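Below: the structure, in structure tokens.
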Amino acid sequence: MKILTFTTLFPNQVKPNHAIFVETRLRHLVASGQVEARVVAPVPWFPFTGKRFGQYGDFARVPASEERFGLPVLHPRYPVIPKIGMNFSPALLANAARATVGRMLDEGFNFDLIDAHYFYPDGVAAVKLGQHFNKPVVITARGSDISLIPDFAKPRKMIQWAAANAAAVITVCDALKTELVQLGADPATITPLRNGVDLQRFRQGERAGLRRELGLDGFTLLSVGHLVALKGHDLAIGALPLLPGVTLLIAGSGVELPRLQALARELKVEERVRFLGAVPQPELPRYYGAADALVLASSREGWANVLLESMACGTPVVASRVWGTPEVVAAPAAGVLMVERSRQGVADAVNALRADYPAHDDTRRYAEQFSWDSTTAGQLRLFNAIVGRQRCR
């Protein structure tokens, strides 16, 4: 079977950690030996590559094509219109990618289906492309594409249209399926397939040695994710005055850094907060393995990969009770869910975890049930059924 993965959420040379979960799922699918894949991962057009232009300069530096783990990846450019562009994004994205997809077909890669990730604008654009090239489309819903974007009227209608015209929909948790059904999608077309965790990359290390290497002393929390408001890093910092002697490591980069640094100074906990910057994924197991708990205080999460990554390294989690997170943190060995999403809620959950702290081996064993194998098998069943129906027409 040949598939075309279509999404703006894909790593590249400039941003190797960007949406790495999409690449990871695809790599495991291809490793089955039953799928050949190519990727079209459009990036916004911008004329200047200078670092002073921030993320737009980053977009400009992304190569037109590259290869990642043996996967050919193309990066066509699409226009982004500030402020008013949200309603036009799917059409702009589809129009910009059409020539690239057409050349791929002309060159002999006659793919069987389009594997799209993130409903808006990516999934809507993918359905437009599917109709143009007469190819079935499977859309994976991942979080804010269903929990947030449908709050806007026109995107909501386009999401509903895409769900109705896709061959199938995958959700990364049951909660997103429930929300899609409430939006009017046919439940019979929706298959929940949760993300897995790479149990070879994320595994237990020698904890005492890792702590010495990183200069850690005392109970240590780790918060991982882009420095944006929805990730709730401010709540983890805000909990520190309520947690004497506890240290917080924050791995990530983003626009919230100055505000978070200022908050740490304001609360007089700057000596107990260490900003690590963006940590490459291969380096993350060192930090997971050295910390005593991961804190994820997000306001929205479809299926947060960092939770399973931490658990696979033997480190339990403290997490907000949102969307798919209760499906991940579902046993004492996994960690503790916050009663409320607040500074006090973080502190109370950390104290509850410390009062009944699980064995690291038990946390690792809990994570082992979330390998990628079942997700890959589910994709193969779904894709084969769709392709089989298409060939019978």
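The chains in the structure tokens are called A, B, ... from first to last as shown; in each chain the residues are counted from 1, and the ligands are counted from 1 in the order shown.
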Would you give me, as a tab-separated table, each residue of region 165-209 of chain A having an atom within 9 Å of an atom of region 323-335 of chain A, along with its shortest atom pair and that distance in Å to one decimal, using only C-alpha atoms and sorting by chain and residue number?
residue	atom	partner	partner_atom	distance
A:Val172	CA	A:Gly324	CA	7.9
A:Cys173	CA	A:Gly324	CA	5.3
A:Asp174	CA	A:Gly324	CA	6.9
A:Ala175	CA	A:Trp323	CA	5.6
A:Leu176	CA	A:Trp323	CA	7.2
Keeping only N, CA and C atoms, take the residues you just selected and write them out as a compact mmCIF listing (two decimals), in the first residue's frame.
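What landed in out.txt:
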# COMPACT_ATOMS: atom_id res chain seq x y z
N VAL A 172 -7.03 10.60 18.58
CA VAL A 172 -5.98 10.07 19.45
C VAL A 172 -6.48 9.75 20.85
N CYS A 173 -7.77 10.01 21.11
CA CYS A 173 -8.35 9.62 22.40
C CYS A 173 -9.86 9.53 22.23
N ASP A 174 -10.51 8.88 23.17
CA ASP A 174 -11.96 8.72 23.13
C ASP A 174 -12.67 10.06 23.28
N ALA A 175 -12.09 10.96 24.09
CA ALA A 175 -12.73 12.26 24.34
C ALA A 175 -12.90 13.05 23.04
N LEU A 176 -11.94 12.96 22.14
CA LEU A 176 -12.05 13.68 20.87
C LEU A 176 -13.11 13.05 19.97
Can you list, as a ChimeraX atom specification, every residue of region 143-326 of chain A that DSSP puts in alpha helix (DSSP H)? /A:144-147,153-165,174-182,207-214,233-239,257-266,284-290,305-312,325-326
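Candidate residues A:Glu266, A:Glu206, A:Asp122, A:Asp348 were compared for distance to Ile237 (chain A), and the nearest is A:Glu266, using only C-alpha atoms.
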Could you write out, as a PyMOL selection string, all the residues of region 10-204 of chain A that DSSP marks as strand (DSSP E or B)? chain A and resi 36-40+43-44+65-68+71-74+77-78+113-117+137-141+168-171+190-192
Could you dump the residues just selected with C-alpha atoms as a tab-separated table (two decimals), in the first residue's frame?
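Result written to part_21.tsv:
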chain	number	residue	atom	x	y	z
A	36	GLU	CA	5.36	2.86	1.49
A	37	ALA	CA	4.97	6.53	2.36
A	38	ARG	CA	5.89	9.99	1.18
A	39	VAL	CA	5.22	13.22	3.02
A	40	VAL	CA	3.97	16.60	1.87
A	43	VAL	CA	5.25	25.56	5.40
A	44	PRO	CA	4.19	29.22	5.27
A	65	SER	CA	12.73	18.82	0.07
A	66	GLU	CA	14.57	16.58	2.51
A	67	GLU	CA	14.72	12.98	3.68
A	68	ARG	CA	13.99	11.99	7.26
A	71	LEU	CA	11.02	9.14	4.23
A	72	PRO	CA	10.99	11.62	1.32
A	73	VAL	CA	9.53	14.92	2.59
A	74	LEU	CA	8.44	17.84	0.39
A	77	ARG	CA	5.04	26.98	0.39
A	78	TYR	CA	1.57	28.35	1.06
A	113	LEU	CA	-4.88	7.27	0.14
A	114	ILE	CA	-4.09	10.55	1.85
A	115	ASP	CA	-3.17	10.30	5.54
A	116	ALA	CA	-3.90	13.80	6.92
A	117	HIS	CA	-3.12	15.09	10.39
A	137	VAL	CA	-8.66	10.69	2.83
A	138	VAL	CA	-8.21	9.68	6.46
A	139	ILE	CA	-7.95	12.58	8.92
A	140	THR	CA	-6.41	12.27	12.38
A	141	ALA	CA	-7.84	14.65	14.99
A	168	ALA	CA	-12.53	7.78	7.89
A	169	VAL	CA	-11.43	9.75	10.92
A	170	ILE	CA	-8.90	8.75	13.58
A	171	THR	CA	-8.88	10.37	17.01
A	190	ILE	CA	-14.42	7.41	13.72
A	191	THR	CA	-11.72	5.13	15.11
A	192	PRO	CA	-9.82	6.08	18.30
Do you have, as a Markdown table, the list of residues of region 118-224 of chain A lying at most 9 Å from region 369-373 of chain A, each with its nearest atom pair and that distance in Å to one decimal, counting only C-alpha atoms and ordered by chain then number?
| residue | atom | partner | partner_atom | distance |
| --- | --- | --- | --- | --- |
| A:Arg194 | CA | A:Phe370 | CA | 8.5 |
| A:Asn195 | CA | A:Trp372 | CA | 7.0 |
| A:Gly196 | CA | A:Trp372 | CA | 4.4 |
| A:Val197 | CA | A:Ser371 | CA | 5.4 |
| A:Asp198 | CA | A:Ser371 | CA | 6.6 |
| A:Leu199 | CA | A:Ser371 | CA | 6.7 |
Kindly export the residues of the current selection with N, CA, C and O atoms, as a short mmCIF file (atom, residue, chain, number, x, y, z; two decimals), in the first residue's frame.
data_model
loop_
_atom_site.label_atom_id
_atom_site.label_comp_id
_atom_site.auth_asym_id
_atom_site.auth_seq_id
_atom_site.Cartn_x
_atom_site.Cartn_y
_atom_site.Cartn_z
N ARG A 194 -4.92 5.64 19.97
CA ARG A 194 -4.08 6.51 20.78
C ARG A 194 -2.63 6.45 20.33
O ARG A 194 -2.18 5.49 19.71
N ASN A 195 -1.90 7.52 20.62
CA ASN A 195 -0.46 7.54 20.35
C ASN A 195 0.24 6.52 21.24
O ASN A 195 -0.22 6.21 22.34
N GLY A 196 1.36 6.03 20.78
CA GLY A 196 2.18 5.14 21.59
C GLY A 196 3.42 5.85 22.08
O GLY A 196 3.55 7.07 21.99
N VAL A 197 4.35 5.07 22.62
CA VAL A 197 5.61 5.62 23.10
C VAL A 197 6.73 4.70 22.62
O VAL A 197 6.57 3.47 22.57
N ASP A 198 7.83 5.29 22.23
CA ASP A 198 9.00 4.52 21.79
C ASP A 198 9.71 3.98 23.02
O ASP A 198 10.45 4.70 23.71
N LEU A 199 9.48 2.71 23.31
CA LEU A 199 9.99 2.11 24.55
C LEU A 199 11.49 1.84 24.50
O LEU A 199 12.10 1.57 25.55
#
Of the residues A:Leu105, A:Asn134, A:Gly209, A:Tyr118, which is the one nearest to Arg391 (chain A), using only C-alpha atoms?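 Counting only C-alpha atoms, the residue closest to Arg391 (chain A) is A:Asn134.
You can rank A:Lys157, A:Ala236, A:Val101, A:Val273 by their closest distance to Gly184 (chain A) using only C-alpha atoms, and at the top of that list sits A:Lys157.
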